[in-house]
file data_32.cif (mmCIF, C-alpha atoms)
data_query
#
loop_
_atom_site.label_atom_id
_atom_site.label_comp_id
_atom_site.auth_asym_id
_atom_site.auth_seq_id
_atom_site.Cartn_x
_atom_site.Cartn_y
_atom_site.Cartn_z
CA MET A 27 123.46 201.35 72.37
CA SER A 28 120.20 199.49 71.84
CA VAL A 29 118.65 196.78 73.96
CA LEU A 30 116.33 194.11 72.67
CA LEU A 31 113.81 193.09 75.30
CA THR A 32 112.27 189.63 75.10
CA PRO A 33 109.43 188.48 77.31
CA PRO A 34 110.45 186.06 80.09
CA GLY A 35 107.87 183.46 79.06
CA PRO A 36 106.02 182.38 75.97
CA GLU A 37 103.94 184.99 74.22
CA LEU A 38 100.14 184.77 74.28
CA ARG A 39 99.98 184.43 70.47
CA LEU A 40 102.06 181.26 70.67
CA LEU A 41 100.06 179.80 73.56
CA VAL A 42 96.73 180.18 71.77
CA SER A 43 98.18 178.60 68.62
CA LEU A 44 99.21 175.39 70.38
CA ALA A 45 97.56 172.05 69.70
CA ALA A 46 97.78 169.08 72.09
CA TRP A 47 97.09 165.35 72.18
CA THR A 48 97.33 162.87 75.06
CA TRP A 49 97.57 159.07 75.27
CA PRO A 50 98.82 156.35 77.62
CA GLY A 51 102.05 154.57 76.68
CA THR A 52 104.89 152.64 78.26
CA CYS A 53 108.34 153.52 79.57
CA PRO A 54 111.41 151.53 78.52
CA ASP A 55 111.09 149.68 81.86
CA GLY A 56 107.53 148.58 80.97
CA ARG A 57 105.65 150.92 83.34
CA GLU A 58 102.58 152.69 81.99
CA ILE A 59 103.10 156.43 81.60
CA ALA A 60 101.04 159.28 80.18
CA HIS A 61 102.22 161.01 76.99
CA ILE A 62 101.54 164.57 75.83
CA LEU A 63 102.24 165.92 72.34
CA ILE A 64 102.24 169.69 71.93
CA THR A 65 102.69 171.31 68.51
CA HIS A 66 101.78 174.59 66.93
CA THR A 67 99.01 174.90 64.40
CA PRO A 68 99.67 175.87 60.78
CA ALA A 69 98.23 179.33 61.59
CA LEU A 70 101.41 180.16 63.55
CA THR A 71 103.58 179.24 60.56
CA GLY A 72 101.80 181.76 58.34
CA SER A 73 101.64 184.48 60.98
CA GLY A 74 103.73 186.88 58.92
CA THR A 75 106.17 187.68 61.72
CA ALA A 76 109.91 187.85 61.30
CA GLU A 77 110.48 185.15 63.91
CA PRO A 78 110.00 181.58 62.63
CA ALA A 79 107.57 179.26 64.42
CA GLU A 80 110.39 176.84 65.23
CA THR A 81 112.25 179.58 67.12
CA ARG A 82 109.13 180.25 69.18
CA MET A 83 108.71 176.55 69.93
CA ARG A 84 112.36 176.29 71.01
CA ARG A 85 111.81 179.28 73.30
CA LEU A 86 108.78 177.44 74.72
CA SER A 87 111.08 174.47 75.40
CA ALA A 88 113.57 176.77 77.13
CA SER A 89 110.82 178.21 79.36
CA LEU A 90 110.21 174.68 80.68
CA GLY A 91 113.91 174.23 81.45
CA GLY A 92 114.98 172.81 78.11
CA LEU A 93 113.82 169.64 76.42
CA ALA A 94 116.11 167.12 74.74
CA GLY A 95 116.33 165.50 71.33
CA ALA A 96 115.47 161.85 70.75
CA ARG A 97 119.06 160.67 71.17
CA GLU A 98 119.68 162.54 74.43
CA VAL A 99 118.78 161.86 78.05
CA VAL A 100 115.19 162.96 78.73
CA PRO A 101 115.37 165.81 81.26
CA GLU A 102 113.18 166.24 84.34
CA LEU A 103 111.11 169.39 83.75
CA GLY A 104 109.84 169.84 87.25
CA ARG A 105 106.33 170.76 88.27
CA CYS A 106 104.63 172.02 85.11
CA LEU A 107 101.51 169.81 85.20
CA GLN A 108 98.53 170.70 87.33
CA ILE A 109 95.38 168.66 87.87
CA VAL A 110 92.26 170.76 88.49
CA GLY A 111 89.13 168.67 88.90
CA GLY A 112 89.17 166.32 85.93
CA GLN A 113 91.38 168.53 83.77
CA VAL A 114 95.16 168.49 83.36
CA LEU A 115 96.87 171.81 82.62
CA VAL A 116 100.42 172.57 81.45
CA HIS A 117 102.01 175.63 83.05
CA PHE A 118 104.75 177.40 81.11
CA PRO A 119 106.85 179.55 83.47
CA GLY A 120 106.40 183.21 82.71
CA ALA A 121 103.07 182.68 80.91
CA SER A 122 99.85 184.20 82.17
CA ARG A 123 97.70 181.23 81.10
CA ARG A 124 97.88 177.48 81.22
CA LEU A 125 97.30 175.06 78.37
CA GLY A 126 94.35 172.73 78.96
CA LEU A 127 94.99 169.23 77.66
CA PRO A 128 92.45 166.98 75.96
CA THR A 129 92.03 164.11 78.40
CA ARG A 130 90.04 161.04 79.23
CA ARG A 131 89.34 160.09 82.82
CA SER A 132 91.68 157.06 82.69
CA TRP A 133 94.53 159.24 81.35
CA THR A 134 94.01 161.87 84.05
CA GLU A 135 93.98 159.13 86.69
CA LEU A 136 97.28 157.79 85.28
CA VAL A 137 98.86 161.25 85.62
CA ALA A 138 97.49 161.61 89.15
CA ARG A 139 98.78 158.16 90.15
CA SER A 140 102.26 158.47 88.64
CA GLY A 141 102.72 162.22 89.11
CA GLU A 142 104.36 162.54 85.69
CA ALA A 143 103.99 162.42 81.92
CA ILE A 144 106.33 162.34 78.95
CA LEU A 145 106.08 165.64 77.13
CA LEU A 146 106.84 165.70 73.41
CA LEU A 147 107.19 169.10 71.77
CA GLY A 148 106.86 169.01 67.99
CA LEU A 149 108.77 171.69 66.10
CA GLY A 150 106.60 171.43 63.00
CA PRO A 151 102.92 172.35 62.61
CA LEU A 152 100.00 169.95 63.03
CA PRO A 153 96.34 171.00 62.92
CA GLN A 154 94.34 170.43 66.12
CA SER A 155 91.86 168.47 63.98
CA ALA A 156 94.44 165.74 63.22
CA ASP A 157 93.14 162.25 63.95
CA ALA A 158 95.15 159.38 65.49
CA ALA A 159 96.53 158.22 62.12
CA LYS A 160 97.79 161.73 61.29
CA VAL A 161 99.30 162.13 64.76
CA ASP A 162 101.11 158.78 64.37
CA ALA A 163 102.43 159.81 60.93
CA TYR A 164 103.52 163.19 62.36
CA LEU A 165 105.37 161.48 65.24
CA ASP A 166 107.12 159.05 62.87
CA ALA A 167 108.21 161.83 60.49
CA ALA A 168 109.23 164.25 63.27
CA LEU A 169 111.24 161.56 65.05
CA ALA A 170 113.03 160.55 61.83
CA ALA A 171 113.85 164.21 61.09
CA ASP A 172 114.91 164.93 64.71
CA ARG A 173 112.10 167.50 65.08
CA LEU A 174 110.72 166.28 68.42
CA LEU A 175 111.90 167.44 71.82
CA PHE A 176 111.32 165.33 74.93
CA GLY A 177 110.96 166.00 78.64
CA ARG A 178 109.50 164.42 81.74
CA ALA A 179 106.83 166.71 83.21
CA ARG A 180 105.73 166.37 86.85
CA THR A 181 102.71 167.29 88.95
CA HIS A 182 104.77 167.65 92.16
#
call {"tool": "encode", "arguments": {"input": "data_32.cif", "output": "structure tokens"}}
result
Amino acid sequence: MSVLLTPPGPELRLLVSLAAWTWPGTCPDGREIAHILITHTPALTGSGTAEPAETRMRRLSASLGGLAGAREVVPELGRCLQIVGGQVLVHFPGASRRLGLPTRRSWTELVARSGEAILLLGLGPLPQSADAAKVDAYLDAALAADRLLFGRARTH
């Protein structure tokens, strides 16, 4: 009998290969809400491991409690955002480090005021150097191909 052990949280290699973008947007009810896009960089895709990058990203989603597809109800992820000084961090349960998000003061204040953000997890790669036009094109393509997972992250 053999047992395959998997770590309880995301592996360090995955966490350091993540790329993130933030922007303010609106909810369906018209309220302003912060948005976070997290993807993996192309380096993870070519990592040479037997496990595909998409599988790792889906495991990352599971560590947060499970995110939903575009046509499903957006789940509440609980307290996975933390504001430290002027920085917003994402905490993945079981991980030893947090992901620092690129932020502007007005975005951080929006998260502090509302206590939440919409988290989008992209299953495909996107380089951290992608500008706004490339991020928009990525979001359009990923949404059309059902390769975005959604959740509502909270600070408390």
call {"tool": "residues_around", "arguments": {"input": "data_32.cif", "residues": "segment 94-99 of chain A", "least_positions_apart": "6", "cutoff": "8 Å", "atoms": "only C-alpha atoms", "output": "list in words"}}
result
Leu169, Asp172, Arg173, Leu174, Leu175, Phe176 and Gly177 of chain A
call {"tool": "residues_near_point", "arguments": {"input": "data_32.cif", "point": "(107.1, 173.0, 62.0)", "cutoff": "7 Å", "atoms": "all atoms listed in the file", "output": "NGL selection string"}}
result
:A and (79-80 or 149-151)
call {"tool": "residues_near_point", "arguments": {"input": "data_32.cif", "point": "(104.5, 175.8, 86.0)", "cutoff": "7 Å", "atoms": "all atoms listed in the file", "output": "number ranges by chain"}}
result
A: 105-107, 116-119
call {"tool": "residues_around", "arguments": {"input": "data_32.cif", "residues": "Trp49 of chain A", "least_positions_apart": "6", "cutoff": "12 Å", "atoms": "all atoms listed in the file", "output": "list in words"}}
result
Glu58, Ile59, Ala60, His61, Ile62, Leu63, Leu127, Pro128, Thr129, Arg130, Arg131, Ser132, Trp133, Thr134, Glu135, Leu136, Val137, Ala143, Ile144, Leu145, Leu146, Ala158, Val161 and Asp162 of chain A
call {"tool": "atom_distance", "arguments": {"input": "data_32.cif", "atom1": "atom CA of Arg85 of chain A", "atom2": "atom CA of Ala167 of chain A"}}
result
21.9 Å
call {"tool": "atom_distance", "arguments": {"input": "data_32.cif", "atom1": "atom CA of Ala163 of chain A", "atom2": "atom CA of Val114 of chain A"}}
result
25.1 Å
call {"tool": "closest_residue", "arguments": {"input": "data_32.cif", "among": "A:Ala156, A:Ala69, A:Ala46, A:Cys53", "to": "Val100 of chain A", "atoms": "only C-alpha atoms"}}
result
A:Cys53
call {"tool": "closest_residue", "arguments": {"input": "data_32.cif", "among": "A:Gln113, A:Ile64, A:Ala88, A:Gly126", "to": "Pro101 of chain A", "atoms": "all atoms listed in the file"}}
result
A:Ala88
call {"tool": "residues_around", "arguments": {"input": "data_32.cif", "residues": "His182 of chain A", "least_positions_apart": "2", "cutoff": "12 Å", "atoms": "all atoms listed in the file", "output": "list in words"}}
result
Glu102, Leu103, Gly104, Arg105, Cys106, Leu107, Gln108, Ile109, Val137, Ala138, Arg139, Ser140, Gly141, Glu142, Ala143, Arg178, Ala179 and Arg180 of chain A
call {"tool": "resolve_selection", "arguments": {"input": "data_32.cif", "expression": "the PyMOL selection byres ((chain A and resi 86) around 10)", "output": "ChimeraX atom specification"}}
result
/A:35-37,40-41,80-85,87-93,118-119,121,147
call {"tool": "atom_distance", "arguments": {"input": "data_32.cif", "atom1": "atom CA of Asp157 of chain A", "atom2": "atom CA of Thr65 of chain A"}}
result
13.9 Å
